[in-house]
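Just input-v2.cif here, mmCIF, C-alpha atoms:
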```
data_protein
loop_
_atom_site.label_atom_id
_atom_site.label_comp_id
_atom_site.auth_asym_id
_atom_site.auth_seq_id
_atom_site.Cartn_x
_atom_site.Cartn_y
_atom_site.Cartn_z
CA MET A 1 31.09 47.40 -0.98
CA ASN A 2 30.99 44.80 1.80
CA ASN A 3 27.26 45.34 2.23
CA LYS A 4 26.70 44.83 -1.50
CA TYR A 5 28.73 41.61 -1.40
CA ALA A 6 26.78 40.37 1.63
CA MET A 7 23.46 41.08 -0.08
CA LYS A 8 24.63 39.23 -3.21
CA LYS A 9 25.51 36.21 -1.09
CA LEU A 10 22.07 36.41 0.49
CA PHE A 11 20.53 35.81 -2.95
CA TYR A 12 22.67 32.77 -3.71
CA PHE A 13 22.29 31.25 -0.24
CA GLY A 14 18.52 31.75 -0.40
CA THR A 15 18.41 30.06 -3.79
CA LEU A 16 20.58 27.16 -2.62
CA PHE A 17 18.61 26.63 0.60
CA LEU A 18 15.29 26.68 -1.25
CA VAL A 19 16.56 24.14 -3.81
CA LEU A 20 17.82 21.86 -1.04
CA PHE A 21 14.58 22.29 0.89
CA GLU A 22 12.39 21.30 -2.07
CA MET A 23 14.60 18.29 -2.73
CA ALA A 24 14.50 17.24 0.94
CA ASN A 25 10.70 17.34 0.93
CA VAL A 26 10.73 14.71 -1.79
CA TYR A 27 13.79 12.74 -0.66
CA PHE A 28 12.48 11.68 2.76
CA ILE A 29 9.08 10.43 1.54
CA MET A 30 9.96 8.86 -1.81
CA PRO A 31 12.09 5.79 -2.63
CA MET A 32 15.41 7.60 -2.99
CA PRO A 33 18.80 5.97 -2.20
CA GLY A 34 18.97 5.46 1.57
CA SER A 35 15.87 7.49 2.37
CA GLN A 36 13.55 4.61 3.20
CA LYS A 37 15.92 2.99 5.69
CA MET A 38 16.21 6.10 7.87
CA GLU A 39 14.09 6.87 10.91
CA SER A 40 13.25 10.22 9.37
CA LEU A 41 9.45 10.32 9.46
CA ASP A 42 9.21 13.01 12.14
CA LEU A 43 11.71 15.20 10.30
CA ALA A 44 9.88 14.67 7.00
CA TYR A 45 6.56 15.64 8.57
CA PHE A 46 8.11 18.70 10.26
CA LEU A 47 9.56 19.95 6.97
CA TYR A 48 6.30 19.29 5.15
CA SER A 49 4.10 20.90 7.81
CA TRP A 50 6.18 24.08 7.88
CA ARG A 51 6.99 24.14 4.18
CA TRP A 52 5.43 27.54 3.51
CA LEU A 53 7.30 29.17 6.38
CA PHE A 54 10.61 27.85 5.01
CA ARG A 55 9.68 28.87 1.48
CA ILE A 56 8.76 32.40 2.51
CA LEU A 57 11.99 32.76 4.52
CA PHE A 58 14.18 31.64 1.62
CA MET A 59 12.21 33.74 -0.87
CA LEU A 60 12.76 36.82 1.29
CA MET A 61 16.49 36.10 1.20
CA ILE A 62 16.33 35.80 -2.59
CA LEU A 63 14.35 39.02 -3.02
CA ALA A 64 16.60 40.95 -0.65
CA GLY A 65 19.73 40.09 -2.62
CA ILE A 66 18.57 39.71 -6.21
CA ARG A 67 19.21 43.34 -7.24
CA PHE A 68 22.81 43.23 -6.04
CA ALA A 69 23.47 39.80 -7.57
CA PHE A 70 21.89 40.85 -10.87
CA SER A 71 24.08 43.94 -11.11
CA THR A 72 27.25 41.83 -11.20
CA SER A 73 26.18 38.71 -13.10
CA LYS A 74 22.72 38.79 -14.62
CA TRP A 75 23.13 35.50 -16.55
CA LEU A 76 24.18 33.62 -13.43
CA VAL A 77 21.16 35.04 -11.60
CA LEU A 78 18.79 34.08 -14.43
CA GLY A 79 20.32 30.60 -14.58
CA SER A 80 19.94 30.18 -10.81
CA ILE A 81 16.28 31.22 -10.95
CA LEU A 82 15.53 28.88 -13.86
CA LEU A 83 17.22 26.01 -12.02
CA LEU A 84 15.22 26.78 -8.88
CA LEU A 85 11.93 26.93 -10.79
CA GLY A 86 12.70 23.68 -12.60
CA ILE A 87 13.55 21.79 -9.41
CA ALA A 88 10.55 23.23 -7.55
CA TYR A 89 8.23 22.21 -10.37
CA ALA A 90 9.69 18.70 -10.59
CA CYS A 91 9.50 18.13 -6.82
CA ASN A 92 5.97 19.45 -6.37
CA PHE A 93 4.27 18.26 -9.56
CA ILE A 94 6.24 15.64 -11.47
CA MET A 95 7.63 13.72 -8.47
CA ALA A 96 4.67 14.23 -6.12
CA ALA A 97 3.14 10.85 -5.26
CA ASP A 98 -0.43 11.86 -6.07
CA SER A 99 0.73 13.23 -9.42
CA MET A 100 2.48 9.99 -10.33
CA PHE A 101 -0.37 7.71 -9.22
CA LYS A 102 -3.79 9.16 -9.97
CA GLN A 103 -7.23 8.01 -8.92
CA PRO A 104 -9.62 6.42 -11.45
CA VAL A 105 -11.89 8.86 -13.21
CA ALA A 106 -14.86 6.52 -12.84
CA LEU A 107 -15.30 3.13 -11.19
CA ILE A 108 -16.85 0.60 -13.55
CA PHE A 109 -18.10 -2.77 -12.33
CA LYS A 110 -19.37 -5.75 -14.31
CA ASN A 111 -20.84 -9.07 -13.27
CA SER A 112 -18.99 -12.27 -14.15
CA ALA A 113 -20.92 -12.70 -17.43
CA GLU A 114 -19.94 -9.23 -18.70
CA ASN A 115 -16.49 -9.07 -17.10
CA LYS A 116 -13.47 -8.27 -19.33
CA VAL A 117 -10.72 -8.89 -16.74
CA GLU A 118 -8.69 -12.08 -17.23
CA THR A 119 -9.87 -14.62 -14.67
CA GLY A 120 -6.28 -15.65 -13.89
CA ARG A 121 -5.57 -12.18 -12.49
CA LEU A 122 -5.09 -11.70 -8.75
CA ILE A 123 -7.72 -9.66 -6.94
CA LEU A 124 -8.56 -8.33 -3.52
CA GLY A 125 -12.02 -9.66 -2.80
CA ILE A 126 -14.49 -8.27 -0.27
CA SER A 127 -17.80 -9.75 0.79
CA LEU A 128 -19.89 -7.68 3.18
CA ASN A 129 -23.58 -7.58 4.09
CA GLY A 130 -24.58 -9.76 1.16
CA GLU A 131 -22.56 -7.88 -1.46
CA SER A 132 -19.29 -9.04 -3.03
CA LYS A 133 -16.74 -7.15 -5.11
CA ALA A 134 -13.38 -7.94 -6.69
CA TYR A 135 -10.60 -5.38 -7.23
CA PRO A 136 -7.82 -6.54 -9.62
CA ILE A 137 -4.36 -5.94 -8.18
CA GLN A 138 -3.20 -4.82 -11.63
CA PHE A 139 -5.48 -1.78 -11.26
CA ILE A 140 -5.25 -0.94 -7.56
CA GLY A 141 -1.49 -1.54 -7.63
CA TYR A 142 -1.19 1.52 -9.86
CA HIS A 143 -3.86 3.67 -8.19
CA HIS A 144 -2.70 2.80 -4.63
CA GLN A 145 -6.19 3.56 -3.36
CA VAL A 146 -9.70 3.23 -4.77
CA ARG A 147 -12.71 4.72 -3.00
CA ASP A 148 -15.94 2.77 -3.19
CA SER A 149 -18.79 1.39 -1.08
CA ILE A 150 -19.99 -2.11 -0.35
CA GLY A 151 -22.84 -3.43 1.74
CA GLY A 152 -23.81 0.11 2.68
CA LYS A 153 -20.33 1.04 3.95
CA PRO A 154 -17.75 3.37 2.39
CA ILE A 155 -14.45 1.62 1.76
CA MET A 156 -10.91 2.53 0.80
CA VAL A 157 -9.22 -0.30 -1.11
CA THR A 158 -5.45 0.18 -0.89
CA TYR A 159 -2.37 -1.50 -2.28
CA CYS A 160 1.37 -0.84 -2.03
CA THR A 161 3.37 -2.64 -4.71
CA VAL A 162 6.72 -2.00 -2.98
CA CYS A 163 5.54 -3.91 0.11
CA ARG A 164 3.05 -6.16 -1.72
CA THR A 165 0.41 -5.18 0.82
CA GLY A 166 -3.30 -5.10 0.09
CA ARG A 167 -5.58 -3.63 2.77
CA VAL A 168 -9.17 -2.42 2.89
CA PHE A 169 -10.31 0.23 5.37
CA GLU A 170 -13.34 2.27 6.25
CA PRO A 171 -12.21 5.87 5.53
CA LEU A 172 -13.56 7.08 8.86
CA ILE A 173 -11.76 9.12 11.51
CA GLU A 174 -13.54 9.16 14.83
CA GLY A 175 -16.69 8.09 13.03
CA LYS A 176 -16.57 10.82 10.38
CA ALA A 177 -15.99 10.24 6.65
CA GLU A 178 -12.62 11.52 5.46
CA GLU A 179 -10.77 12.05 2.19
CA PHE A 180 -7.21 10.85 1.69
CA ARG A 181 -4.48 11.46 -0.85
CA LEU A 182 -1.27 9.56 -1.51
CA VAL A 183 1.54 11.68 -0.03
CA GLY A 184 4.60 9.39 -0.23
CA MET A 185 6.08 6.45 1.63
CA ASP A 186 7.98 5.50 4.77
CA HIS A 187 10.06 2.32 5.08
CA PHE A 188 8.87 1.57 1.55
CA ASN A 189 5.21 1.59 2.60
CA ALA A 190 2.71 4.00 1.06
CA MET A 191 1.38 6.83 3.21
CA PHE A 192 -1.86 8.75 2.88
CA GLU A 193 -2.67 12.23 4.13
CA ASP A 194 -6.14 13.03 5.42
CA LYS A 195 -7.70 16.26 4.18
CA SER A 196 -8.97 17.58 7.52
CA SER A 197 -5.96 17.33 9.84
CA GLY A 198 -3.10 16.71 7.43
CA SER A 199 -2.03 13.63 9.39
CA TRP A 200 -0.09 10.86 7.65
CA TRP A 201 -1.49 7.31 7.69
CA ARG A 202 0.43 4.11 6.96
CA GLN A 203 -1.11 1.88 4.29
CA VAL A 204 -0.03 -1.42 5.81
CA SER A 205 -1.80 -0.80 9.13
CA GLY A 206 -4.24 2.06 8.59
CA LYS A 207 -2.58 3.80 11.53
CA ALA A 208 -1.73 7.50 11.72
CA VAL A 209 2.03 7.84 12.22
CA ALA A 210 2.46 11.62 12.10
CA GLY A 211 0.29 14.66 12.75
CA PRO A 212 -2.63 15.48 15.07
CA MET A 213 -4.24 12.05 14.59
CA LYS A 214 -1.05 10.11 15.41
CA GLY A 215 -1.87 6.79 17.08
CA LYS A 216 -5.41 6.50 15.74
CA SER A 217 -6.38 3.73 13.32
CA LEU A 218 -8.83 3.30 10.47
CA PRO A 219 -11.25 0.36 10.86
CA GLU A 220 -10.06 -2.53 8.67
CA ILE A 221 -12.47 -4.56 6.55
CA PRO A 222 -11.47 -8.21 5.96
CA SER A 223 -10.44 -9.06 2.42
CA ASN A 224 -9.07 -12.06 0.53
CA GLN A 225 -6.39 -12.28 -2.12
CA THR A 226 -7.34 -14.89 -4.72
CA THR A 227 -7.46 -15.32 -8.44
CA LEU A 228 -10.55 -13.83 -10.02
CA GLU A 229 -11.55 -17.31 -11.14
CA LYS A 230 -11.51 -18.61 -7.54
CA TRP A 231 -13.39 -15.54 -6.29
CA ILE A 232 -16.14 -16.02 -8.88
CA GLU A 233 -16.37 -19.68 -7.87
CA LEU A 234 -16.84 -18.66 -4.23
CA TYR A 235 -19.08 -15.65 -4.95
CA PRO A 236 -20.88 -16.15 -8.29
CA ASN A 237 -22.82 -12.90 -7.94
CA THR A 238 -19.73 -10.78 -7.40
CA LEU A 239 -19.13 -7.49 -9.18
CA ILE A 240 -15.68 -6.98 -10.72
CA MET A 241 -13.84 -3.68 -11.11
CA GLN A 242 -13.00 -3.00 -14.76
CA ALA A 243 -10.12 -1.08 -16.29
CA ASP A 244 -10.37 2.68 -16.59
CA GLU A 245 -9.30 3.16 -20.22
CA LYS A 246 -7.59 6.44 -19.33
CA PHE A 247 -4.94 4.47 -17.44
CA LYS A 248 -4.48 1.58 -19.86
CA GLU A 249 -0.74 2.23 -20.30
CA LYS A 250 -0.25 2.53 -16.54
CA TYR A 251 -1.96 -0.81 -15.98
CA GLU A 252 0.30 -2.43 -18.57
CA GLY A 253 3.27 -1.33 -16.50
CA VAL A 254 1.94 -3.38 -13.58
CA SER A 255 0.77 -6.36 -15.66
CA LYS A 256 3.63 -8.71 -14.69
CA TYR A 257 3.97 -7.55 -11.11
CA GLU A 258 1.37 -9.78 -9.49
CA TYR A 259 3.04 -12.94 -10.83
CA GLY A 260 6.45 -11.96 -9.46
CA GLU A 261 7.88 -11.12 -12.88
CA SER A 262 8.62 -7.42 -12.33
CA LYS A 263 12.20 -6.39 -13.11
CA SER A 264 12.25 -3.30 -10.89
CA LYS A 265 14.42 -3.56 -7.77
CA LEU A 266 11.54 -2.18 -5.75
CA THR A 267 8.94 -4.69 -6.94
CA LEU A 268 10.79 -7.81 -8.08
CA ARG A 269 10.44 -11.17 -6.34
CA ASP A 270 13.31 -13.09 -4.79
CA GLN A 271 12.68 -16.77 -5.50
CA ALA A 272 14.73 -17.85 -2.45
CA SER A 273 13.17 -17.92 1.02
CA TRP A 274 13.55 -15.28 3.72
CA LYS A 275 15.23 -12.65 1.56
CA ASP A 276 13.99 -9.04 1.59
CA LYS A 277 11.90 -9.58 -1.54
CA SER A 278 10.79 -13.14 -0.74
CA TRP A 279 7.04 -13.72 -0.53
CA VAL A 280 5.50 -14.70 2.78
CA ILE A 281 2.00 -15.15 4.11
CA GLY A 282 1.61 -13.02 7.22
CA VAL A 283 -1.07 -14.04 9.69
CA GLU A 284 -2.26 -12.21 12.78
CA ASN A 285 -4.17 -13.63 15.71
CA GLY A 286 -4.64 -11.38 18.70
CA SER A 287 -1.28 -9.92 19.69
CA GLU A 288 0.74 -12.60 17.90
CA SER A 289 1.83 -12.69 14.29
CA LYS A 290 3.72 -15.17 12.15
CA ALA A 291 5.15 -15.30 8.65
CA TYR A 292 4.86 -18.47 6.56
CA ASP A 293 7.30 -19.01 3.72
CA TRP A 294 5.52 -18.96 0.34
CA ASN A 295 7.90 -21.56 -1.06
CA ARG A 296 7.04 -23.92 1.78
CA LEU A 297 3.33 -23.32 1.30
CA GLN A 298 3.64 -24.07 -2.43
CA LYS A 299 5.35 -27.36 -1.57
CA GLU A 300 3.10 -28.48 1.29
CA ARG A 301 -0.13 -26.66 0.23
CA ILE A 302 -1.57 -27.00 3.74
CA ILE A 303 0.11 -26.01 7.02
CA HIS A 304 -1.30 -26.84 10.45
CA ASP A 305 -0.05 -24.62 13.27
CA VAL A 306 -0.92 -22.89 16.53
CA LEU A 307 -0.86 -19.08 16.67
CA GLY A 308 -1.77 -17.02 19.72
CA GLY A 309 -2.92 -20.20 21.43
CA GLN A 310 -5.38 -20.89 18.60
CA PRO A 311 -5.01 -23.89 16.25
CA VAL A 312 -4.89 -22.59 12.67
CA VAL A 313 -4.53 -23.88 9.14
CA ILE A 314 -3.06 -22.07 6.11
CA ILE A 315 -4.12 -23.31 2.68
CA LEU A 316 -2.94 -22.73 -0.87
CA GLY A 317 -5.47 -23.35 -3.65
CA GLY A 318 -4.97 -25.50 -6.71
CA ASP A 319 -4.34 -22.39 -8.82
CA ASN A 320 -1.10 -21.84 -6.81
CA ASN A 321 -2.15 -18.25 -6.05
CA SER A 322 -5.27 -18.21 -3.88
CA PHE A 323 -4.72 -18.65 -0.14
CA VAL A 324 -6.62 -18.45 3.11
CA ALA A 325 -5.93 -18.81 6.84
CA LEU A 326 -8.60 -20.38 9.06
CA GLU A 327 -9.03 -21.18 12.73
CA ARG A 328 -9.25 -24.88 13.52
CA GLN A 329 -11.79 -25.93 16.13
CA ASN A 330 -9.13 -27.78 18.15
CA LYS A 331 -5.60 -29.14 17.83
CA GLU A 332 -6.88 -32.57 16.89
CA GLN A 333 -8.77 -31.24 13.88
CA LEU A 334 -6.54 -31.99 10.91
CA PHE A 335 -7.38 -31.60 7.24
CA ASN A 336 -6.65 -33.08 3.89
CA LEU A 337 -6.98 -30.83 0.87
CA ARG A 338 -9.02 -32.24 -2.01
CA ASN A 339 -10.10 -30.10 -4.96
CA ASP A 340 -9.69 -27.01 -2.77
CA SER A 341 -12.02 -28.47 -0.15
CA LEU A 342 -10.94 -29.21 3.42
CA ILE A 343 -11.69 -32.75 4.54
CA SER A 344 -11.56 -33.56 8.26
CA ALA A 345 -12.45 -36.75 10.07
CA ASP A 346 -16.05 -35.68 10.57
CA ASN A 347 -16.81 -32.88 8.12
CA ARG A 348 -16.06 -31.13 4.84
CA TYR A 349 -15.49 -27.39 4.32
CA ASN A 350 -15.06 -25.28 1.21
CA PHE A 351 -11.96 -23.20 0.54
CA ILE A 352 -12.99 -20.37 2.87
CA GLY A 353 -14.19 -22.63 5.70
CA ILE A 354 -17.92 -22.88 5.00
CA SER A 355 -19.20 -26.19 6.35
CA SER A 356 -21.04 -28.53 3.99
CA ASP A 357 -23.08 -29.67 7.01
CA SER A 358 -25.44 -26.85 8.01
CA THR A 359 -25.68 -28.27 11.54
CA LYS A 360 -21.99 -27.65 12.13
CA SER A 361 -20.11 -24.40 12.60
CA ASN A 362 -18.05 -22.77 9.87
CA LEU A 363 -14.35 -22.15 10.38
CA LYS A 364 -13.43 -18.56 11.24
CA ARG A 365 -11.21 -16.74 8.76
CA LEU A 366 -8.12 -14.92 9.99
CA ASN A 367 -6.48 -11.85 8.50
CA ALA A 368 -3.80 -13.22 6.18
CA TYR A 369 -1.70 -11.24 3.72
CA GLN A 370 0.83 -12.01 1.03
CA GLU A 371 3.77 -9.61 1.52
CA TYR A 372 7.44 -9.17 0.92
CA TRP A 373 9.40 -10.44 3.89
CA HIS A 374 11.06 -7.02 4.42
CA SER A 375 7.63 -5.43 4.86
CA TRP A 376 6.20 -8.01 7.24
CA GLN A 377 9.21 -8.00 9.57
CA ILE A 378 9.49 -4.19 9.64
CA PHE A 379 5.86 -3.67 10.59
CA HIS A 380 5.65 -6.80 12.78
CA PRO A 381 8.99 -6.65 14.63
CA LEU A 382 7.95 -9.41 17.08
CA THR A 383 6.77 -11.77 14.35
CA LYS A 384 7.58 -15.45 14.41
CA LYS A 385 8.60 -17.36 11.33
#
```

This entry written out as structure tokens:
Amino acid sequence: MNNKYAMKKLFYFGTLFLVLFEMANVYFIMPMPGSQKMESLDLAYFLYSWRWLFRILFMLMILAGIRFAFSTSKWLVLGSILLLLGIAYACNFIMAADSMFKQPVALIFKNSAENKVETGRLILGISLNGESKAYPIQFIGYHHQVRDSIGGKPIMVTYCTVCRTGRVFEPLIEGKAEEFRLVGMDHFNAMFEDKSSGSWWRQVSGKAVAGPMKGKSLPEIPSNQTTLEKWIELYPNTLIMQADEKFKEKYEGVSKYEYGESKSKLTLRDQASWKDKSWVIGVENGSESKAYDWNRLQKERIIHDVLGGQPVVIILGGDNNSFVALERQNKEQLFNLRNDSLISADNRYNFIGISSDSTKSNLKRLNAYQEYWHSWQIFHPLTKK
């Protein structure tokens, strides 16, 4: 009798543990209450890496006790199994990140004359080896990553709407091309898993944070966030990513996000400065980083500063959305902004620092990103502001 009771308990404990395990696999890497503020990445990766061992162990417990449990309460057993199957299906298919955010079926590009994307939309723009392309945030914000090539190089265009981070990388690990899938998030930032080693890579930095490749980084390709109209003005021959009609409804769900009009707690904008969901422009120069308040930039439109010992200037375009950070040639070089051109005492530059005088040097562009303040300070803990 005692043995029968113990075997029956084995069934119910196995079922309970397997349910909790499947839920934990989702909880730690998805935006659940409290999950993204924990330092739980190592635990999440451990559970995920050994998931089949845990599943087999709990299934053996279930199989060992199911006959005894069924003999006393078959409807309770059937209900427990149905609940387990439902939760397992939801956690592994419905709530899986790469099931919620799918890749485009086909990438379609048009030139500016044939383009159907509204020119007021925000884009991530890339210009490399004589080729230019624009990727609307409305599209890549849903997809999270888009694989493409430009100027003879493979690229991985990424975006995390919860951090408001757009980054472009070469999908190369130790010089070899790699495939990635969206696996979840950590500290509200999207994570990708590479196919070969199963390592997890952080979207905001392109750095592996768990797994065999931990500590390695993907090469970043410079990009600019501007309106499509400004990008076409700067690069008239650009190609523009078009909507994949299969995801039309998904794109509509992101249509107000880029302008700060989302109502979701995860993706809304705080209009005040230096709140978690306030917008900042984050700039890196060498080992130093600094966040510039978006509200201040909108008011002043041009900010002169020194970062990492280098004189810099941060500019907001006349469309109130396009921005760029440039190195100044010296501290004495100050600019006025006129029709999105930079006017100094002895020269004139366009919005991205190209000199109008071919005998003079262009201004070097710095990596600059529009982000939520919570994202920039988490991933740049030594940042200035």

Output the residue selection produced by the PyMOL selection byres ((chain A and resi 326) around 7) on the file above, formatted as number ranges by chain.
-> A: 312-314, 324-325, 327-328, 353, 363-366

List the residues matched by the PyMOL selection byres ((chain A and resi 292-305) around 7) in the displayed structure as a PyMOL selection string, ordered by chain and then by residue number.
-> chain A and resi 273+279-282+290-291+306-307+311-316+320+385

Set out as a Markdown table a contact list for range 104-199 of chain A and range 10-34 of chain A with a cut-off of 7 Å, giving each residue of range 104-199 of chain A that qualifies its closest atom pair and distance in Å to one decimal, counting all atoms listed in the file, ordered by chain and rising residue number.
```
| residue | atom | partner | partner_atom | distance |
| --- | --- | --- | --- | --- |
| A:Gly184 | CA | A:Ile29 | CA | 4.9 |
| A:Met185 | CA | A:Ile29 | CA | 5.0 |
| A:Asp186 | CA | A:Ile29 | CA | 6.0 |
| A:Phe188 | CA | A:Pro31 | CA | 6.8 |
```

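Closest approach to Lys207 in chain A among A:Lys4, A:Gln36, A:Gln271, A:Phe379: A:Phe379, based on only C-alpha atoms.
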
How would you write, as a PyMOL selection string, the residues chosen by the PyMOL selection byres ((chain A and resi 224) around 8) on this structure?
-> chain A and resi 123-126+222-223+225-226+323-324+368
